[in-house]
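Asks: Before anything else, here's the structure in question.
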Protein chains: 10
Amino acid sequence: MLFAVRMTVNLPPDMDPDVRASTLAAEKEYARKLQHTGEWLHLWRCAGLYANLSIFDVTGNDRLNEILWELPLFAYMDVTVTPLTRHASAIG
Amino acid sequence: MLFAVRMTVNLPPDMDPDVRASTLAAEKEYARKLQHTGEWLHLWRCAGLYANLSIFDVTGNDRLNEILWELPLFAYMDVTVTPLTRHASAIG
Amino acid sequence: MLFAVRMTVNLPPDMDPDVRASTLAAEKEYARKLQHTGEWLHLWRCAGLYANLSIFDVTGNDRLNEILWELPLFAYMDVTVTPLTRHASAIG
Amino acid sequence: MLFAVRMTVNLPPDMDPDVRASTLAAEKEYARKLQHTGEWLHLWRCAGLYANLSIFDVTGNDRLNEILWELPLFAYMDVTVTPLTRHASAIG
Amino acid sequence: MLFAVRMTVNLPPDMDPDVRASTLAAEKEYARKLQHTGEWLHLWRCAGLYANLSIFDVTGNDRLNEILWELPLFAYMDVTVTPLTRHASAIG
Amino acid sequence: MLFAVRMTVNLPPDMDPDVRASTLAAEKEYARKLQHTGEWLHLWRCAGLYANLSIFDVTGNDRLNEILWELPLFAYMDVTVTPLTRHASAIG
Amino acid sequence: MLFAVRMTVNLPPDMDPDVRASTLAAEKEYARKLQHTGEWLHLWRCAGLYANLSIFDVTGNDRLNEILWELPLFAYMDVTVTPLTRHASAIG
Amino acid sequence: MLFAVRMTVNLPPDMDPDVRASTLAAEKEYARKLQHTGEWLHLWRCAGLYANLSIFDVTGNDRLNEILWELPLFAYMDVTVTPLTRHASAIG
Amino acid sequence: MLFAVRMTVNLPPDMDPDVRASTLAAEKEYARKLQHTGEWLHLWRCAGLYANLSIFDVTGNDRLNEILWELPLFAYMDVTVTPLTRHASAIG
Amino acid sequence: MLFAVRMTVNLPPDMDPDVRASTLAAEKEYARKLQHTGEWLHLWRCAGLYANLSIFDVTGNDRLNEILWELPLFAYMDVTVTPLTRHASAIG
């Protein structure tokens with residue numbers, strides 16, 4: 001089941017540099033792990049913004065919720081969730 | 001070059017049924033043709049809404065503009081365009 | 001899988017009275033049928049507004065999309081969809 | 001009398017961990033207690049967001065106000081309140 | 001139980017003059033009748049706007065919903081509803 | 001001359017408890033005094049929110065401005081002001 | 001007593017040309033008359049928009065309401081009203 | 001003096017084709033004429049939207065207003081105006 | 001050339017009292033000086049808000065920008081700028 | 001390929017003066033360097049606001065993203081990006 005998720009990150013400019021670095025590293029590792037399992041299907045940067053557009057392929061709302069809450073940057077994000085489905089004009 | 005485009009369709013309830021049917025058929029054919037060429041990379045329905053989320057893979061802004069203006073439903077749509085780029089945490 | 005859906009209805013004041021009456025009757029029958037099957041779990045009127053808040057219990061995004069697109073009033077509605085999941089503080 | 005309440009929680013990232021933990025524990029206990037009395041009828045997580053959608057069944061506006069003001073997380077919440085009533089198409 | 005209701009009226013400029021006149025007359029009579037019963041506690045014009053701010057004193061959400069849906073101008077209105085309660089600093 | 005004023009209060013969660021208590025006490029005394037003089041005609045809590053809806057009966061804009069600027073919580077409030085006038089359908 | 005009023009005009013493109021011309025002429029005459037009496041203190045065009053910013057000097061909310069409701073273009077306008085008062089840093 | 005102007009065009013889908021064609025031709029001629037005189041300094045299409053971003057170089061607000069009001073499509077446009085000035089980091 | 005400027009002031013509640021006092025004094029002196037030169041044509045308080053509506057009469061965008069950037073409270077303000085021009089119905 | 005970018009800067013009033021000065025100097029140097037290479041085609045101040053409107057001429061979304069992320073003020077900015085293309089009525 002697919003969901004589009006847009007995440008906008010707001011890091012405080014005075015964040016501790018070490019906390020910042022370790023949080024960003026954890027986020028990267030987390031994102032890569034979920035891409036390898038296939039649940040984080042697409043991850044694109046919105047050009048010029050500290051934001052991404054992601055497509056998740058998960059078993060349902062419960063799993064989507066788990067994944068997003070465990071994001072290392074979750075506390076710093078504004079998130080919007082859009083459930084997707086097959087479009088009648090889509091091919092393949 | 002990738003762009004996320006969200007299209008929301010507003011068809012007037014009193015639209016002529018024949019015009020409506022032929023416009024929707026043309027839209028479907030147009031969407032399928034561009035998917036086959038690879039320019040319309042993804043086309044998803046936003047569940048429960050008369051709206052879609054699409055990803056286009058085009059040579060640039062000029063080509064994106066051409067494609068969207070030639071949509072048979074263009075005159076009935078609200079469109080938002082988000083340029084995308086590679087995310088530093090993306091794999092592959 | 002649960003979804004909260006808010007539907008706001010905008011009927012044109014000059015709508016043909018017969019079309020209006022038959023559409024509203026079809027909407028009522030459709031809503032009741034889906035409540036009996038258990039998919040339309042809750043249906044509440046937002047007090048004083050031509051709007052409702054509904055909870056759907058469906059197999060996923062695809063089924064939610066089918067149900068909403070087949071609403072007899074779909075062409076006259078503004079719809080928002082919020083995927084729900086179990087809350088850690090919920091009982092039962 | 002039913003009310004839909006959407007609560008969005010904004011905890012400061014630099015909140016004292018002990019205060020945070022005790023506030024969250026108090027919130028959970030409070031939510032469970034009111035669910036057992038029947039006043040907090042439904043409590044759902046909005047998937048992927050630090051937000052919930054709740055349905056309260058209370059004697060009126062006064063009681064709803066009391067309940068929400070006593071939420072341990074009240075000072076950190078954005079709240080919207082929608083009074084509900086029976087829908088003409090609802091069954092049962 | 002008190003509710004603040006703001007009603008904004010949008011009459012189409014090309015509305016039939018007779019329908020317009022009779023609807024406005026019915027609205028006036030309806031508003032006066034409910035003021036006499038005490039349910040429509042206050043009715044103020046928002047200065048310079050085709051809008052009013054009203055306070056209703058009713059038994060609950062159900063009755064508020066009945067009253068607003070029966071407004072002769074209901075189909076032409078944007079309505080917002082705010083449930084009120086006693087303020088801790090209010091006197092009397 | 002009547003004005004509707006909606007005040008939303010945003011107290012910082014880390015406000016000094018003594019300052020907080022004394023400011024709230026001053027606000028309460030101030031609100032009561034102005035209700036006794038008749039200038040603060042109505043004061044209602046918006047149920048479940050840290051916000052109130054108030055009606056002021058003052059000599060004009062100058063006096064309304066004085067009253068609001070002297071609110072002990074003024075620095076913590078978002079305020080909207082709506083000038084009111086007699087409605088043609090009001091009785092009495 | 002001063003009020004700032006912003007009026008945005010939305011004339012339907014298919015408005016009858018004679019009605020349009022006579023309404024605009026009436027609006028102009030009305031605006032000039034009230035400027036001569038001193039109640040319509042300032043009238044400025046917002047550059048490039050079908051909108052104006054006006055300052056009214058009237059006895060109060062009641063008179064402001066009368067003036068705005070009698071605008072020949074009132075049915076085609078979006079209006080916002082801001083009550084003004086003397087600024088502590090103003091001279092003269 | 002420079003101004004950024006964003007124009008969004010909303011043509012009714014049922015516009016008379018001849019009126020539409022002649023209005024669009026007049027708009028094109030008007031835009032080209034003002035570009036030749038140097039007052040319409042830049043004219044860009046917002047990719048995928050029926051909207052443009054323009055930069056005008058005019059003697060002041062009065063002339064900007066004249067130019068925009070005489071646009072053949074003015075009645076069908078939403079317009080925003082942003083006055084510009086030299087940036088301290090600009091070269092040349 | 002006239003511009004309407006709305007300034008909303010957001011002073012942090014914990015601002016140093018001396019800095020606050022000296023900044024406000026500088027703002028007042030600055031506003032009075034520009035009123036005496038005629039460039040700050042009107043300065044009104046928005047009743048009940050920490051906001052003002054001002055009319056500037058300046059040589060152009062460059063001078064307006066200079067004036068606003070030198071406001072002692074500039075760093076604490078939200079500002080909107082509306083270029084004005086003569087209205088066809090204005091007298092005098 | 002052209003993009004319009006609007007950047008609004010939000011510097012905290014209590015920012016360390018040295019950090020502030022060095023960041024602003026770096027921003028200026030960075031902006032000048034990119035203007036000399038031709039990628040930052042236009043840079044205008046929005047009059048009276050801490051905001052600019054910029055036009056970038058870059059090879060695509062990837063390069064635009066690089067440029068904006070490397071802005072010394074990036075962490076303090078709200079950014080909007082609008083891809084542009086040739087307008088059918090543009091000359092030259």
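Each chain in the structure tokens gets a letter, A, B and so on, in the order shown; residues start at 1 in every chain, and ligands are counted from 1 in the order they appear.
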What are the closest atom pairs, with distances in Å to one decimal, for all residues of chain A lying within 10 Å of chain J? Consider only C-alpha atoms, order rows by chain and residue number, and present the result as CSV.
Replies:
```
residue,atom,partner,partner_atom,distance
A:Asn10,CA,J:Ala75,CA,8.6
A:Leu11,CA,J:Ala75,CA,8.0
A:Pro12,CA,J:Ala75,CA,8.3
A:Pro13,CA,J:Ala75,CA,6.5
A:Asp14,CA,J:Met15,CA,9.5
A:Arg45,CA,J:Asn65,CA,8.6
A:Cys46,CA,J:Asn65,CA,8.2
A:Ala47,CA,J:Asn65,CA,4.7
A:Gly48,CA,J:Asn65,CA,4.2
A:Leu49,CA,J:Val79,CA,6.6
A:Tyr50,CA,J:Trp69,CA,8.2
```
Asks: Any chance you can output those residues with N, CA and C atoms as a compact mmCIF listing (two decimals), in the first residue's frame?
Replies:
```
# COMPACT_ATOMS: atom_id res chain seq x y z
N ASN A 10 13.05 21.22 10.40
CA ASN A 10 13.35 22.51 11.03
C ASN A 10 14.35 22.29 12.16
N LEU A 11 15.62 22.37 11.85
CA LEU A 11 16.61 22.22 12.90
C LEU A 11 16.90 23.58 13.51
N PRO A 12 16.89 23.68 14.85
CA PRO A 12 17.22 24.98 15.45
C PRO A 12 18.66 25.37 15.11
N PRO A 13 18.89 26.65 14.68
CA PRO A 13 20.25 27.05 14.31
C PRO A 13 21.27 26.86 15.44
N ASP A 14 20.80 26.88 16.68
CA ASP A 14 21.75 26.75 17.80
C ASP A 14 21.82 25.31 18.33
N ARG A 45 14.81 14.72 -2.73
CA ARG A 45 14.96 16.05 -2.17
C ARG A 45 14.07 17.03 -2.95
N CYS A 46 13.32 17.89 -2.26
CA CYS A 46 12.64 19.02 -2.91
C CYS A 46 13.71 20.08 -3.15
N ALA A 47 13.99 20.38 -4.41
CA ALA A 47 15.17 21.17 -4.77
C ALA A 47 15.16 22.54 -4.07
N GLY A 48 16.25 22.79 -3.34
CA GLY A 48 16.44 24.09 -2.70
C GLY A 48 15.79 24.23 -1.34
N LEU A 49 15.12 23.17 -0.87
CA LEU A 49 14.42 23.22 0.41
C LEU A 49 14.97 22.14 1.33
N TYR A 50 14.86 22.35 2.65
CA TYR A 50 15.18 21.28 3.60
C TYR A 50 13.91 20.45 3.77
```
Asks: Mind checking which residues fall within 9 Å of stretch 17-32 of chain G, counting only C-alpha atoms, ignoring those fewer than 2 positions away in the same chain, and posting them as a PyMOL selection string?
Replies: (chain G and resi 11+14-15+34-37+40+43+70-73) or (chain I and resi 88-91)
Asks: Grab the residues selected above and save them as a compact mmCIF listing (two decimals), in the first residue's frame with all heavy atoms.
Replies:
```
# COMPACT_ATOMS: atom_id res chain seq x y z
N LEU G 11 -16.13 41.70 -10.44
CA LEU G 11 -17.25 41.80 -11.39
C LEU G 11 -17.22 40.59 -12.31
O LEU G 11 -16.18 40.26 -12.86
CB LEU G 11 -17.15 43.07 -12.21
CG LEU G 11 -17.29 44.38 -11.43
CD1 LEU G 11 -17.23 45.56 -12.38
CD2 LEU G 11 -18.61 44.41 -10.68
N ASP G 14 -19.02 38.32 -17.55
CA ASP G 14 -20.17 38.35 -18.46
C ASP G 14 -21.28 39.27 -17.96
O ASP G 14 -22.43 39.14 -18.37
CB ASP G 14 -20.72 36.93 -18.65
CG ASP G 14 -21.22 36.33 -17.34
OD1 ASP G 14 -20.99 36.94 -16.28
OD2 ASP G 14 -21.82 35.25 -17.37
N MET G 15 -20.95 40.21 -17.09
CA MET G 15 -21.95 41.15 -16.58
C MET G 15 -22.52 41.98 -17.73
O MET G 15 -21.78 42.37 -18.64
CB MET G 15 -21.25 42.06 -15.55
CG MET G 15 -22.18 42.88 -14.69
SD MET G 15 -21.15 43.81 -13.46
CE MET G 15 -22.46 44.72 -12.61
N LEU G 34 -19.57 61.18 -0.61
CA LEU G 34 -19.12 60.92 0.76
C LEU G 34 -17.74 61.54 1.03
O LEU G 34 -17.40 61.83 2.18
CB LEU G 34 -19.08 59.42 1.04
CG LEU G 34 -20.46 58.80 1.26
CD1 LEU G 34 -20.36 57.28 1.29
CD2 LEU G 34 -21.09 59.31 2.56
N GLN G 35 -16.95 61.70 0.01
CA GLN G 35 -15.69 62.42 0.19
C GLN G 35 -15.97 63.91 0.48
O GLN G 35 -15.30 64.53 1.30
CB GLN G 35 -14.80 62.27 -1.04
CG GLN G 35 -14.22 60.85 -1.18
CD GLN G 35 -13.45 60.68 -2.48
OE1 GLN G 35 -12.30 61.09 -2.56
NE2 GLN G 35 -14.09 60.08 -3.47
N HIS G 36 -16.96 64.45 -0.22
CA HIS G 36 -17.27 65.87 0.00
C HIS G 36 -17.81 66.10 1.42
O HIS G 36 -17.54 67.14 2.03
CB HIS G 36 -18.28 66.36 -1.05
CG HIS G 36 -17.63 66.66 -2.35
ND1 HIS G 36 -16.70 67.66 -2.52
CD2 HIS G 36 -17.76 66.08 -3.58
CE1 HIS G 36 -16.29 67.69 -3.78
NE2 HIS G 36 -16.91 66.74 -4.45
N THR G 37 -18.56 65.14 1.95
CA THR G 37 -19.07 65.33 3.32
C THR G 37 -17.97 65.09 4.35
O THR G 37 -18.16 65.41 5.53
CB THR G 37 -20.21 64.33 3.62
OG1 THR G 37 -19.67 63.01 3.63
CG2 THR G 37 -21.33 64.44 2.59
N TRP G 40 -15.70 59.93 3.89
CA TRP G 40 -14.76 59.06 3.14
C TRP G 40 -13.47 59.86 3.00
O TRP G 40 -13.26 60.57 2.04
CB TRP G 40 -15.35 58.68 1.79
CG TRP G 40 -14.73 57.49 1.14
CD1 TRP G 40 -13.44 57.09 1.20
CD2 TRP G 40 -15.40 56.52 0.29
NE1 TRP G 40 -13.25 55.94 0.47
CE2 TRP G 40 -14.44 55.56 -0.10
CE3 TRP G 40 -16.72 56.36 -0.17
CZ2 TRP G 40 -14.76 54.48 -0.94
CZ3 TRP G 40 -17.02 55.30 -1.00
CH2 TRP G 40 -16.06 54.36 -1.36
N LEU G 43 -9.24 57.72 -0.31
CA LEU G 43 -9.60 56.65 -1.24
C LEU G 43 -8.42 56.46 -2.19
O LEU G 43 -8.13 57.34 -3.00
CB LEU G 43 -10.87 57.04 -2.02
CG LEU G 43 -11.24 56.19 -3.24
CD1 LEU G 43 -11.39 54.73 -2.88
CD2 LEU G 43 -12.53 56.72 -3.88
N GLU G 70 -24.50 50.54 1.49
CA GLU G 70 -25.13 51.30 0.39
C GLU G 70 -24.20 51.48 -0.80
O GLU G 70 -24.59 52.11 -1.80
CB GLU G 70 -25.60 52.66 0.93
CG GLU G 70 -26.81 52.51 1.86
CD GLU G 70 -27.19 53.82 2.53
OE1 GLU G 70 -26.70 54.88 2.09
OE2 GLU G 70 -27.95 53.78 3.51
N LEU G 71 -23.00 50.95 -0.73
CA LEU G 71 -22.11 51.00 -1.91
C LEU G 71 -22.79 50.30 -3.09
O LEU G 71 -23.21 49.14 -2.96
CB LEU G 71 -20.80 50.27 -1.62
CG LEU G 71 -19.79 50.98 -0.71
CD1 LEU G 71 -18.77 49.97 -0.19
CD2 LEU G 71 -19.10 52.11 -1.44
N PRO G 72 -22.91 50.97 -4.24
CA PRO G 72 -23.52 50.30 -5.40
C PRO G 72 -22.82 48.99 -5.78
O PRO G 72 -23.45 48.08 -6.31
CB PRO G 72 -23.40 51.36 -6.50
CG PRO G 72 -23.43 52.66 -5.76
CD PRO G 72 -22.68 52.41 -4.48
N LEU G 73 -21.53 48.86 -5.50
CA LEU G 73 -20.80 47.64 -5.83
C LEU G 73 -20.74 46.64 -4.65
O LEU G 73 -20.03 45.64 -4.73
CB LEU G 73 -19.36 47.99 -6.25
CG LEU G 73 -19.18 48.61 -7.63
CD1 LEU G 73 -17.74 49.08 -7.81
CD2 LEU G 73 -19.53 47.60 -8.72
N ALA I 88 -9.68 56.62 -9.46
CA ALA I 88 -10.44 57.41 -10.44
C ALA I 88 -11.63 58.14 -9.81
O ALA I 88 -12.11 59.13 -10.34
CB ALA I 88 -10.92 56.50 -11.57
N SER I 89 -12.09 57.67 -8.66
CA SER I 89 -13.23 58.32 -8.01
C SER I 89 -12.80 59.27 -6.91
O SER I 89 -13.66 59.83 -6.21
CB SER I 89 -14.17 57.26 -7.42
OG SER I 89 -14.63 56.39 -8.40
N ALA I 90 -11.51 59.47 -6.72
CA ALA I 90 -11.05 60.37 -5.67
C ALA I 90 -11.22 61.82 -6.10
O ALA I 90 -11.12 62.14 -7.29
CB ALA I 90 -9.58 60.09 -5.34
N ILE I 91 -11.50 62.69 -5.15
CA ILE I 91 -11.69 64.12 -5.45
C ILE I 91 -10.43 64.90 -5.07
O ILE I 91 -9.51 64.38 -4.48
CB ILE I 91 -12.90 64.69 -4.69
CG1 ILE I 91 -12.64 64.62 -3.18
CG2 ILE I 91 -14.16 63.97 -5.07
CD1 ILE I 91 -13.67 65.36 -2.34
```
Asks: Quick check, in Å to one decimal: how far apart do atom CA of A:Leu53 and atom CA of A:Arg6 lie?
Replies: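 If I compute the distance from atom CA of A:Leu53 to atom CA of A:Arg6, I get 4.6 Å.
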Asks: Select from chain C everything DSSP, run on the backbone, classes as alpha helix (DSSP H), then give the selection as JSON, numbers by chain.
Replies: {"C": [17, 18, 19, 20, 21, 22, 23, 24, 25, 26, 27, 28, 29, 30, 31, 32, 33, 34, 35, 36, 37, 61, 62, 63, 64, 65, 66, 67, 68, 69]}
